[in-house]
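Chemist: I have a structure here, written as structure tokens, and I will follow up with some questions on it.
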Amino acid sequence: MITKQKTLLLWLLLAPAVIWLSLLIILPHLEMLVLSLRTRTAPQEYAFSLRQYATFFDEPLYWHTFLRTAVLSLSATAISLVLAFPVAWYIAKIAGNTSKPLLLAMVLLPFWVSEMVRTLGWMILLRGNGVLPQLLFHLGLTSEPIELLYNDAAILLGLVYSSLLFMLIPLINALETLDVSLIEAAYDLGARPLNIVRQIVIPHAAPGIAAGTIMVFMLTLGNYLTPVLLGGKNSMWFTEQIYTQFITRFNWEQGAAFAFLLLGLSTSLVWCGLKLSRQSFTAVMRRT
Amino acid sequence: MQPSSSDVIDLDIQGVSKRYQLNGTTFTAVDNLSLQIPKGQFCSILGPSGCGKTTLLRMVAGFIEPDDGDIVVGGKSMRGVAPNQRPVNMVFQHLALFPMMSVGENVGYGLARRQVKKTDIQHKVKDMLSRVGLPGIEDKRIEQLSGGQKQRVAIARSLVLEPTLLLLDEPLGALDLKLREHMKVELKQLQAQIGTTFLYITHDQSEALVMSDMVAVMNHGKCEQIGTPQDLYYRPKTSFVAGFVGNANKLSGRAQTGMTNLISATITDNLALFCTSTESFHPSQDVQLFIRPEGIAISRQPFSADHYPNHLRGKVSSILFDGANSSVLVRLNDSDISLQVSLPQNGQLKDLQYGDDVHLAISADNVQAFAA
């Protein structure tokens, strides 16, 4: 009797998670999978087909965009990691107990504003008659105000800016648990600073690095707003292609196929990353 | 003391000071301290927490730069020399073994940083591990080791670099009592066998007394006394050392004029004790007296008057049984003073009961007087 009640309680407690998973994640994805694998033979008649996936490989624009998105996302992730690491180090190891919450709040503060508004802020700074080009022009550094928007650098800037926090938090968590005496011990045994970073700090922070990298990579890969706003017509971001198929062209089958290709890309890259850094997925998730 | 060694000084601390600014006030952690450790000695720095001993150790290791003075290791000034360039290695309080490496990689870490050849490293690591009694555990992970094994690996990791001086920052503190007692003996034997100069920091007087050739007692950033454990215990130079090293009954009183080579002090109106001191007092000066529990003779019968200058009577107010270290608290008649008195080792008074009348006798040598 008691065990029966316990099982019931367990299911009740699990229910929100199960409903959330099945209704919001599994079900839509199954629907998408079915959608991506069918083709219309006649009005209201559909048959199984791999045509959508074949289109992707036949049309260079699509897989160019796909590769470009992957490369730019990886670059944005790498830049985020390089920028966030010293900041995380400062907050976790150098900042005092009073300044630490303040610094964390400062990191968090931009995220109180919506991503859209933040990105528009960058547009105001970077556009041809915006703040930065005018400043450069008046300082005599450029002969005319130059357009800083609508290029890859602007996209990268926006992506890094919007994902830095998600790199910082797991890094700070990972570095906070690093015992300073390990660093001192290595120093005492004759290690140089570069040795210490490579042999002590990075191995210790590895799960945090992996967690932050995965999060930032997923976020940038699936980002739509930032590349479209800062990259303009040239952005060529893969999510934009998906949007176009679904909304502009009403070609849901093609859109679903693209969505699955993107899911495959992110999954395989994350898997490769974990394998290359010899991290276990569970250890990483514990740090997130 | 070990014979061959006394002429070479491995560590020479020359008038070192370190001050910190804390909320606007200056706090002197180490105050113009000088200390010399001859080669091959096991030297302990003993002091209560906050006495500056850790600051001193970290200055020797190079993690803190002294404000004044100089630290000379093996004849070379360490001013401006980074920790990774010093001929000094440290065993950390929590050992700081690298959890991301195997035991062998831990022990070989310093050698690898010196660009020693891989095969030589393997050979030296193997040799060092067997010297600390842990042969063949190179491939184990750190978390697979017991507390005592970790201890020895941490020491091996430092000793394999053949430092002039090994610093140990209370490495036994985290161990449980039985293991700590065991490691004390082991560490002393290891030091004697290897012959490296050890500088050991502790607040535990038993660790310092058991292991050391010489002990420096530190308080408020200064050295109170440097000497052999026996010196500190039997011939303390300051009241702090008398009170801190070993167990002692502490009484306060006033100096009396009188006898030729003995000093006496009034404790209360009806109690006066003959005592010895290296200091001289003027009449009525406030003094502190220290009497070791084992320096008091206890008996049911009165002591013959000519053996001891001090005779007291009292009642047993508490029995503190601790095997061979058993003692009793005796409340003196006609006063509210209680003295802790060790029971004779032969078990003569093991049947002593609460409330029993006892006679106490103390020689003047066993009552150490210091100016209060």
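Every chain in the structure tokens takes a letter, A first, then B, and so on in the order presented; its residues are numbered from 1, and the ligands are numbered from 1 following the presented order.
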Quick one: contact table of chain A to chain B, 9 Å max, nearest atom pair and distance in Å to one decimal per residue, counting only C-alpha atoms, chain and number order, as JSON lines?

Modeler:
{"residue": "A:Asp179", "atom": "CA", "partner": "B:Ala96", "partner_atom": "CA", "distance": 7.8}
{"residue": "A:Val180", "atom": "CA", "partner": "B:Ala96", "partner_atom": "CA", "distance": 8.8}
{"residue": "A:Ser181", "atom": "CA", "partner": "B:Ala96", "partner_atom": "CA", "distance": 5.8}
{"residue": "A:Leu182", "atom": "CA", "partner": "B:Ala96", "partner_atom": "CA", "distance": 5.0}
{"residue": "A:Ile183", "atom": "CA", "partner": "B:Ala96", "partner_atom": "CA", "distance": 8.5}
{"residue": "A:Glu184", "atom": "CA", "partner": "B:Phe63", "partner_atom": "CA", "distance": 8.0}
{"residue": "A:Ala185", "atom": "CA", "partner": "B:Ala96", "partner_atom": "CA", "distance": 6.4}
{"residue": "A:Ala186", "atom": "CA", "partner": "B:Gly110", "partner_atom": "CA", "distance": 7.8}
{"residue": "A:Tyr187", "atom": "CA", "partner": "B:Asn84", "partner_atom": "CA", "distance": 5.2}
{"residue": "A:Asp188", "atom": "CA", "partner": "B:Asn84", "partner_atom": "CA", "distance": 5.0}
{"residue": "A:Leu189", "atom": "CA", "partner": "B:Gly110", "partner_atom": "CA", "distance": 4.8}
{"residue": "A:Gly190", "atom": "CA", "partner": "B:Asn84", "partner_atom": "CA", "distance": 3.9}
{"residue": "A:Ala191", "atom": "CA", "partner": "B:Arg113", "partner_atom": "CA", "distance": 5.8}
{"residue": "A:Arg192", "atom": "CA", "partner": "B:Asn84", "partner_atom": "CA", "distance": 7.2}
{"residue": "A:Asn195", "atom": "CA", "partner": "B:Arg113", "partner_atom": "CA", "distance": 8.3}
{"residue": "A:Gln199", "atom": "CA", "partner": "B:Met100", "partner_atom": "CA", "distance": 8.5}
{"residue": "A:Ile200", "atom": "CA", "partner": "B:Phe98", "partner_atom": "CA", "distance": 7.5}
{"residue": "A:Pro203", "atom": "CA", "partner": "B:Met100", "partner_atom": "CA", "distance": 6.8}
{"residue": "A:His204", "atom": "CA", "partner": "B:Met100", "partner_atom": "CA", "distance": 7.2}

Chemist: Write out, as a short mmCIF file (atom, residue, chain, number, x, y, z; two decimals), in the first residue's frame, the residues just selected, with C-alpha atoms.

Modeler:
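Here's the written file selection-v1.cif:
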data_model
loop_
_atom_site.label_atom_id
_atom_site.label_comp_id
_atom_site.auth_asym_id
_atom_site.auth_seq_id
_atom_site.Cartn_x
_atom_site.Cartn_y
_atom_site.Cartn_z
CA ASP A 179 42.31 25.29 -4.17
CA VAL A 180 44.86 28.13 -4.33
CA SER A 181 47.39 25.95 -2.54
CA LEU A 182 47.51 23.71 -5.64
CA ILE A 183 48.78 26.69 -7.62
CA GLU A 184 51.22 27.60 -4.87
CA ALA A 185 52.41 24.00 -4.66
CA ALA A 186 53.08 23.91 -8.40
CA TYR A 187 54.86 27.27 -8.19
CA ASP A 188 56.89 26.00 -5.24
CA LEU A 189 57.90 22.90 -7.18
CA GLY A 190 59.38 25.06 -9.92
CA ALA A 191 56.49 25.55 -12.35
CA ARG A 192 56.27 28.70 -14.46
CA ASN A 195 52.85 25.48 -16.74
CA GLN A 199 48.70 21.65 -15.96
CA ILE A 200 46.69 22.79 -12.93
CA PRO A 203 42.49 20.53 -16.06
CA HIS A 204 40.64 21.62 -12.94
#

Chemist: Excluding same-chain residues fewer than 5 positions from A:Glu147, what lies within 12 Å of it counting only C-alpha atoms, as a PDB file with C-alpha atoms, in the first residue's frame?

Modeler:
ATOM      1  CA  MET A 123      23.451  49.086 -34.273  1.00  0.00           C
ATOM      2  CA  ILE A 124      23.282  52.661 -32.979  1.00  0.00           C
ATOM      3  CA  LEU A 125      26.983  52.475 -32.132  1.00  0.00           C
ATOM      4  CA  LEU A 126      28.158  50.837 -35.345  1.00  0.00           C
ATOM      5  CA  ARG A 127      25.989  52.116 -38.219  1.00  0.00           C
ATOM      6  CA  GLY A 128      27.469  54.557 -40.770  1.00  0.00           C
ATOM      7  CA  ASN A 129      26.201  57.722 -39.114  1.00  0.00           C
ATOM      8  CA  GLY A 130      26.379  56.102 -35.679  1.00  0.00           C
ATOM      9  CA  VAL A 131      28.583  56.941 -32.720  1.00  0.00           C
ATOM     10  CA  LEU A 132      31.742  54.981 -33.472  1.00  0.00           C
ATOM     11  CA  PRO A 133      32.187  55.731 -37.219  1.00  0.00           C
ATOM     12  CA  GLN A 134      31.529  59.457 -36.563  1.00  0.00           C
ATOM     13  CA  LEU A 136      36.696  57.810 -35.942  1.00  0.00           C
ATOM     14  CA  PHE A 137      35.929  60.312 -38.716  1.00  0.00           C
ATOM     15  CA  THR A 142      39.155  57.612 -41.315  1.00  0.00           C
ATOM     16  CA  ALA A 153      32.969  41.027 -37.394  1.00  0.00           C
ATOM     17  CA  ALA A 154      29.760  42.773 -36.340  1.00  0.00           C
ATOM     18  CA  LEU A 230      23.917  43.004 -37.198  1.00  0.00           C
ATOM     19  CA  GLY A 231      24.664  41.078 -40.383  1.00  0.00           C
TER      20      GLY A 231
END

Chemist: Run DSSP on the backbone and grab whatever in stretch 97-298 of chain B lands in helix (DSSP H, G or I); send it over as an mmCIF file with N, CA and C atoms, in the first residue's frame.

Modeler:
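Done, and the output landed in part-v9.cif:
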data_model
loop_
_atom_site.group_PDB
_atom_site.id
_atom_site.type_symbol
_atom_site.label_atom_id
_atom_site.label_comp_id
_atom_site.auth_asym_id
_atom_site.auth_seq_id
_atom_site.Cartn_x
_atom_site.Cartn_y
_atom_site.Cartn_z
ATOM 1 N N VAL B 103 49.984 9.448 -8.730
ATOM 2 C CA VAL B 103 50.988 9.610 -7.686
ATOM 3 C C VAL B 103 52.365 9.856 -8.312
ATOM 4 N N GLY B 104 52.691 9.057 -9.325
ATOM 5 C CA GLY B 104 53.995 9.195 -9.970
ATOM 6 C C GLY B 104 54.166 10.569 -10.611
ATOM 7 N N GLU B 105 53.096 11.069 -11.261
ATOM 8 C CA GLU B 105 53.168 12.398 -11.896
ATOM 9 C C GLU B 105 53.305 13.492 -10.844
ATOM 10 N N ASN B 106 52.630 13.302 -9.701
ATOM 11 C CA ASN B 106 52.768 14.258 -8.608
ATOM 12 C C ASN B 106 54.210 14.336 -8.132
ATOM 13 N N VAL B 107 54.783 13.171 -7.833
ATOM 14 C CA VAL B 107 56.136 13.151 -7.279
ATOM 15 C C VAL B 107 57.137 13.644 -8.333
ATOM 16 N N GLY B 108 56.882 13.324 -9.597
ATOM 17 C CA GLY B 108 57.820 13.726 -10.639
ATOM 18 C C GLY B 108 57.599 15.134 -11.161
ATOM 19 N N TYR B 109 56.581 15.836 -10.623
ATOM 20 C CA TYR B 109 56.199 17.133 -11.197
ATOM 21 C C TYR B 109 57.363 18.135 -11.203
ATOM 22 N N GLY B 110 58.014 18.255 -10.059
ATOM 23 C CA GLY B 110 59.105 19.227 -9.955
ATOM 24 C C GLY B 110 60.264 18.868 -10.863
ATOM 25 N N LEU B 111 60.575 17.569 -10.958
ATOM 26 C CA LEU B 111 61.679 17.121 -11.823
ATOM 27 C C LEU B 111 61.359 17.428 -13.281
ATOM 28 N N ALA B 112 60.090 17.200 -13.672
ATOM 29 C CA ALA B 112 59.694 17.475 -15.053
ATOM 30 C C ALA B 112 59.846 18.961 -15.367
ATOM 31 N N ARG B 113 59.564 19.821 -14.383
ATOM 32 C CA ARG B 113 59.721 21.264 -14.600
ATOM 33 C C ARG B 113 61.192 21.636 -14.764
ATOM 34 N N LYS B 118 62.901 11.833 -19.006
ATOM 35 C CA LYS B 118 61.769 11.007 -18.557
ATOM 36 C C LYS B 118 62.207 9.766 -17.794
ATOM 37 N N THR B 119 63.232 9.082 -18.316
ATOM 38 C CA THR B 119 63.664 7.838 -17.667
ATOM 39 C C THR B 119 64.277 8.136 -16.303
ATOM 40 N N ASP B 120 65.009 9.267 -16.217
ATOM 41 C CA ASP B 120 65.595 9.655 -14.928
ATOM 42 C C ASP B 120 64.510 9.981 -13.917
ATOM 43 N N ILE B 121 63.464 10.672 -14.411
ATOM 44 C CA ILE B 121 62.360 11.020 -13.518
ATOM 45 C C ILE B 121 61.746 9.750 -12.954
ATOM 46 N N GLN B 122 61.447 8.791 -13.859
ATOM 47 C CA GLN B 122 60.830 7.532 -13.424
ATOM 48 C C GLN B 122 61.683 6.849 -12.356
ATOM 49 N N HIS B 123 62.990 6.855 -12.598
ATOM 50 C CA HIS B 123 63.914 6.204 -11.680
ATOM 51 C C HIS B 123 63.899 6.892 -10.318
ATOM 52 N N LYS B 124 63.985 8.232 -10.343
ATOM 53 C CA LYS B 124 64.043 8.986 -9.083
ATOM 54 C C LYS B 124 62.734 8.875 -8.306
ATOM 55 N N VAL B 125 61.619 8.928 -9.034
ATOM 56 C CA VAL B 125 60.304 8.830 -8.384
ATOM 57 C C VAL B 125 60.170 7.480 -7.692
ATOM 58 N N LYS B 126 60.572 6.435 -8.409
ATOM 59 C CA LYS B 126 60.506 5.072 -7.870
ATOM 60 C C LYS B 126 61.347 4.972 -6.598
ATOM 61 N N ASP B 127 62.554 5.517 -6.682
ATOM 62 C CA ASP B 127 63.483 5.478 -5.557
ATOM 63 C C ASP B 127 62.912 6.243 -4.355
ATOM 64 N N MET B 128 62.384 7.442 -4.629
ATOM 65 C CA MET B 128 61.865 8.297 -3.553
ATOM 66 C C MET B 128 60.663 7.651 -2.881
ATOM 67 N N LEU B 129 59.766 7.072 -3.699
ATOM 68 C CA LEU B 129 58.574 6.446 -3.124
ATOM 69 C C LEU B 129 58.947 5.274 -2.232
ATOM 70 N N SER B 130 59.993 4.535 -2.615
ATOM 71 C CA SER B 130 60.357 3.421 -1.730
ATOM 72 C C SER B 130 61.047 3.942 -0.470
ATOM 73 N N ARG B 131 61.697 5.095 -0.569
ATOM 74 C CA ARG B 131 62.316 5.656 0.642
ATOM 75 C C ARG B 131 61.285 6.118 1.655
ATOM 76 N N ILE B 142 45.344 9.955 -6.680
ATOM 77 C CA ILE B 142 45.495 10.551 -5.358
ATOM 78 C C ILE B 142 44.347 10.150 -4.434
ATOM 79 N N GLU B 143 43.114 10.117 -4.984
ATOM 80 C CA GLU B 143 41.971 9.839 -4.119
ATOM 81 C C GLU B 143 41.925 8.386 -3.641
ATOM 82 N N GLN B 144 42.796 7.539 -4.199
ATOM 83 C CA GLN B 144 42.829 6.146 -3.740
ATOM 84 C C GLN B 144 43.706 5.975 -2.503
ATOM 85 N N GLY B 147 45.020 8.771 4.317
ATOM 86 C CA GLY B 147 45.577 10.024 4.826
ATOM 87 C C GLY B 147 47.081 9.973 5.024
ATOM 88 N N GLY B 148 47.544 8.874 5.636
ATOM 89 C CA GLY B 148 48.975 8.742 5.900
ATOM 90 C C GLY B 148 49.780 8.599 4.617
ATOM 91 N N GLN B 149 49.205 7.900 3.651
ATOM 92 C CA GLN B 149 49.903 7.732 2.369
ATOM 93 C C GLN B 149 50.022 9.061 1.639
ATOM 94 N N LYS B 150 48.932 9.853 1.662
ATOM 95 C CA LYS B 150 48.960 11.172 1.018
ATOM 96 C C LYS B 150 50.076 12.017 1.615
ATOM 97 N N GLN B 151 50.149 11.969 2.954
ATOM 98 C CA GLN B 151 51.191 12.667 3.691
ATOM 99 C C GLN B 151 52.571 12.345 3.143
ATOM 100 N N ARG B 152 52.819 11.045 3.005
ATOM 101 C CA ARG B 152 54.148 10.611 2.568
ATOM 102 C C ARG B 152 54.396 10.967 1.111
ATOM 103 N N VAL B 153 53.335 10.907 0.288
ATOM 104 C CA VAL B 153 53.501 11.291 -1.117
ATOM 105 C C VAL B 153 53.843 12.783 -1.208
ATOM 106 N N ALA B 154 53.161 13.598 -0.372
ATOM 107 C CA ALA B 154 53.426 15.042 -0.394
ATOM 108 C C ALA B 154 54.873 15.321 0.005
ATOM 109 N N ILE B 155 55.355 14.589 1.003
ATOM 110 C CA ILE B 155 56.743 14.784 1.433
ATOM 111 C C ILE B 155 57.700 14.304 0.350
ATOM 112 N N ALA B 156 57.369 13.161 -0.261
ATOM 113 C CA ALA B 156 58.216 12.637 -1.336
ATOM 114 C C ALA B 156 58.278 13.618 -2.502
ATOM 115 N N ARG B 157 57.140 14.253 -2.828
ATOM 116 C CA ARG B 157 57.089 15.190 -3.950
ATOM 117 C C ARG B 157 58.059 16.361 -3.735
ATOM 118 N N SER B 158 58.212 16.772 -2.463
ATOM 119 C CA SER B 158 59.148 17.857 -2.181
ATOM 120 C C SER B 158 60.580 17.349 -2.080
ATOM 121 N N LEU B 159 60.753 16.222 -1.397
ATOM 122 C CA LEU B 159 62.113 15.740 -1.130
ATOM 123 C C LEU B 159 62.828 15.267 -2.389
ATOM 124 N N LEU B 177 43.813 11.336 15.492
ATOM 125 C CA LEU B 177 44.795 11.301 16.579
ATOM 126 C C LEU B 177 45.798 10.155 16.467
ATOM 127 N N LYS B 178 45.307 8.935 16.276
ATOM 128 C CA LYS B 178 46.183 7.758 16.238
ATOM 129 C C LYS B 178 47.213 7.881 15.114
ATOM 130 N N LEU B 179 46.729 8.273 13.939
ATOM 131 C CA LEU B 179 47.600 8.394 12.784
ATOM 132 C C LEU B 179 48.609 9.522 12.998
ATOM 133 N N ARG B 180 48.147 10.579 13.658
ATOM 134 C CA ARG B 180 49.036 11.713 13.918
ATOM 135 C C ARG B 180 50.195 11.279 14.815
ATOM 136 N N GLU B 181 49.874 10.524 15.873
ATOM 137 C CA GLU B 181 50.912 10.030 16.778
ATOM 138 C C GLU B 181 51.919 9.182 16.004
ATOM 139 N N HIS B 182 51.389 8.353 15.116
ATOM 140 C CA HIS B 182 52.224 7.465 14.324
ATOM 141 C C HIS B 182 53.108 8.266 13.365
ATOM 142 N N MET B 183 52.499 9.267 12.695
ATOM 143 C CA MET B 183 53.230 10.051 11.705
ATOM 144 C C MET B 183 54.330 10.897 12.337
ATOM 145 N N LYS B 184 54.090 11.334 13.589
ATOM 146 C CA LYS B 184 55.105 12.099 14.315
ATOM 147 C C LYS B 184 56.407 11.327 14.355
ATOM 148 N N VAL B 185 56.318 10.085 14.807
ATOM 149 C CA VAL B 185 57.498 9.238 14.941
ATOM 150 C C VAL B 185 58.103 8.982 13.556
ATOM 151 N N GLU B 186 57.222 8.720 12.588
ATOM 152 C CA GLU B 186 57.679 8.398 11.245
ATOM 153 C C GLU B 186 58.415 9.568 10.599
ATOM 154 N N LEU B 187 57.864 10.751 10.802
ATOM 155 C CA LEU B 187 58.453 11.959 10.213
ATOM 156 C C LEU B 187 59.832 12.226 10.805
ATOM 157 N N LYS B 188 59.950 12.027 12.112
ATOM 158 C CA LYS B 188 61.228 12.244 12.782
ATOM 159 C C LYS B 188 62.259 11.249 12.249
ATOM 160 N N GLN B 189 61.841 9.998 12.082
ATOM 161 C CA GLN B 189 62.772 8.983 11.576
ATOM 162 C C GLN B 189 63.156 9.266 10.132
ATOM 163 N N LEU B 190 62.172 9.697 9.343
ATOM 164 C CA LEU B 190 62.428 10.009 7.937
ATOM 165 C C LEU B 190 63.446 11.140 7.823
ATOM 166 N N GLN B 191 63.282 12.151 8.677
ATOM 167 C CA GLN B 191 64.198 13.287 8.635
ATOM 168 C C GLN B 191 65.609 12.849 9.011
ATOM 169 N N ALA B 192 65.703 12.019 10.049
ATOM 170 C CA ALA B 192 67.020 11.551 10.489
ATOM 171 C C ALA B 192 67.692 10.735 9.388
ATOM 172 N N GLN B 193 66.882 9.966 8.662
ATOM 173 C CA GLN B 193 67.417 9.075 7.631
ATOM 174 C C GLN B 193 67.844 9.865 6.391
ATOM 175 N N ILE B 194 67.081 10.887 6.018
ATOM 176 C CA ILE B 194 67.371 11.626 4.797
ATOM 177 C C ILE B 194 68.341 12.770 5.052
ATOM 178 N N GLN B 205 52.101 21.610 20.679
ATOM 179 C CA GLN B 205 53.386 21.530 21.363
ATOM 180 C C GLN B 205 53.931 20.107 21.405
ATOM 181 N N SER B 206 53.033 19.130 21.444
ATOM 182 C CA SER B 206 53.516 17.757 21.501
ATOM 183 C C SER B 206 54.247 17.397 20.200
ATOM 184 N N GLU B 207 53.694 17.835 19.032
ATOM 185 C CA GLU B 207 54.388 17.606 17.760
ATOM 186 C C GLU B 207 55.773 18.227 17.800
ATOM 187 N N ALA B 208 55.833 19.473 18.260
ATOM 188 C CA ALA B 208 57.115 20.184 18.267
ATOM 189 C C ALA B 208 58.107 19.499 19.194
ATOM 190 N N LEU B 209 57.653 19.125 20.392
ATOM 191 C CA LEU B 209 58.577 18.555 21.373
ATOM 192 C C LEU B 209 59.056 17.176 20.936
ATOM 193 N N VAL B 210 58.153 16.358 20.418
ATOM 194 C CA VAL B 210 58.520 14.986 20.072
ATOM 195 C C VAL B 210 59.499 14.946 18.900
ATOM 196 N N MET B 211 59.257 15.777 17.865
ATOM 197 C CA MET B 211 60.011 15.612 16.628
ATOM 198 C C MET B 211 61.295 16.419 16.553
ATOM 199 N N PRO B 229 63.918 20.980 22.929
ATOM 200 C CA PRO B 229 62.634 20.765 23.623
ATOM 201 C C PRO B 229 62.818 20.720 25.142
ATOM 202 N N GLN B 230 63.926 20.098 25.595
ATOM 203 C CA GLN B 230 64.175 20.015 27.035
ATOM 204 C C GLN B 230 64.358 21.399 27.640
ATOM 205 N N ASP B 231 65.110 22.277 26.925
ATOM 206 C CA ASP B 231 65.303 23.651 27.388
ATOM 207 C C ASP B 231 63.973 24.346 27.617
ATOM 208 N N LEU B 232 63.106 24.233 26.606
ATOM 209 C CA LEU B 232 61.832 24.942 26.678
ATOM 210 C C LEU B 232 60.990 24.419 27.825
ATOM 211 N N TYR B 233 61.053 23.119 28.033
ATOM 212 C CA TYR B 233 60.180 22.517 29.031
ATOM 213 C C TYR B 233 60.707 22.781 30.439
ATOM 214 N N TYR B 234 61.999 22.571 30.633
ATOM 215 C CA TYR B 234 62.533 22.672 31.991
ATOM 216 C C TYR B 234 63.097 24.054 32.306
ATOM 217 N N SER B 239 57.405 33.913 30.668
ATOM 218 C CA SER B 239 56.181 33.338 31.223
ATOM 219 C C SER B 239 55.331 32.742 30.106
ATOM 220 N N PHE B 240 55.422 33.328 28.885
ATOM 221 C CA PHE B 240 54.645 32.767 27.780
ATOM 222 C C PHE B 240 55.081 31.341 27.474
ATOM 223 N N VAL B 241 56.400 31.129 27.416
ATOM 224 C CA VAL B 241 56.907 29.787 27.116
ATOM 225 C C VAL B 241 56.521 28.829 28.234
ATOM 226 N N ALA B 242 56.656 29.283 29.483
ATOM 227 C CA ALA B 242 56.314 28.423 30.617
ATOM 228 C C ALA B 242 54.854 28.004 30.557
ATOM 229 N N GLY B 243 54.001 28.934 30.139
ATOM 230 C CA GLY B 243 52.577 28.626 30.100
ATOM 231 C C GLY B 243 52.175 27.855 28.859
ATOM 232 N N PHE B 244 52.879 28.088 27.723
ATOM 233 C CA PHE B 244 52.449 27.506 26.450
ATOM 234 C C PHE B 244 52.992 26.110 26.237
ATOM 235 N N PRO B 293 52.477 19.912 36.767
ATOM 236 C CA PRO B 293 51.745 18.928 37.571
ATOM 237 C C PRO B 293 52.666 17.824 38.087
ATOM 238 N N GLU B 294 53.697 17.445 37.284
ATOM 239 C CA GLU B 294 54.581 16.367 37.736
ATOM 240 C C GLU B 294 55.669 16.892 38.664
ATOM 241 N N GLY B 295 55.720 18.212 38.871
ATOM 242 C CA GLY B 295 56.720 18.788 39.773
ATOM 243 C C GLY B 295 56.223 18.857 41.208
#

Chemist: Just give me the gap between atom CA of B:Tyr354 and atom CA of B:Ser318 in Å, one decimal is fine.

Modeler: 6.2 Å

Chemist: Which residues are near A:Ser163? Cut-off 12 Å, only C-alpha atoms, ignore same chain within fewer than 4 positions. Put them as a PyMOL selection string.

Modeler: chain A and resi 73+76-81+83-84+107-108+110-111+115+156-159+167-169+212-223+226
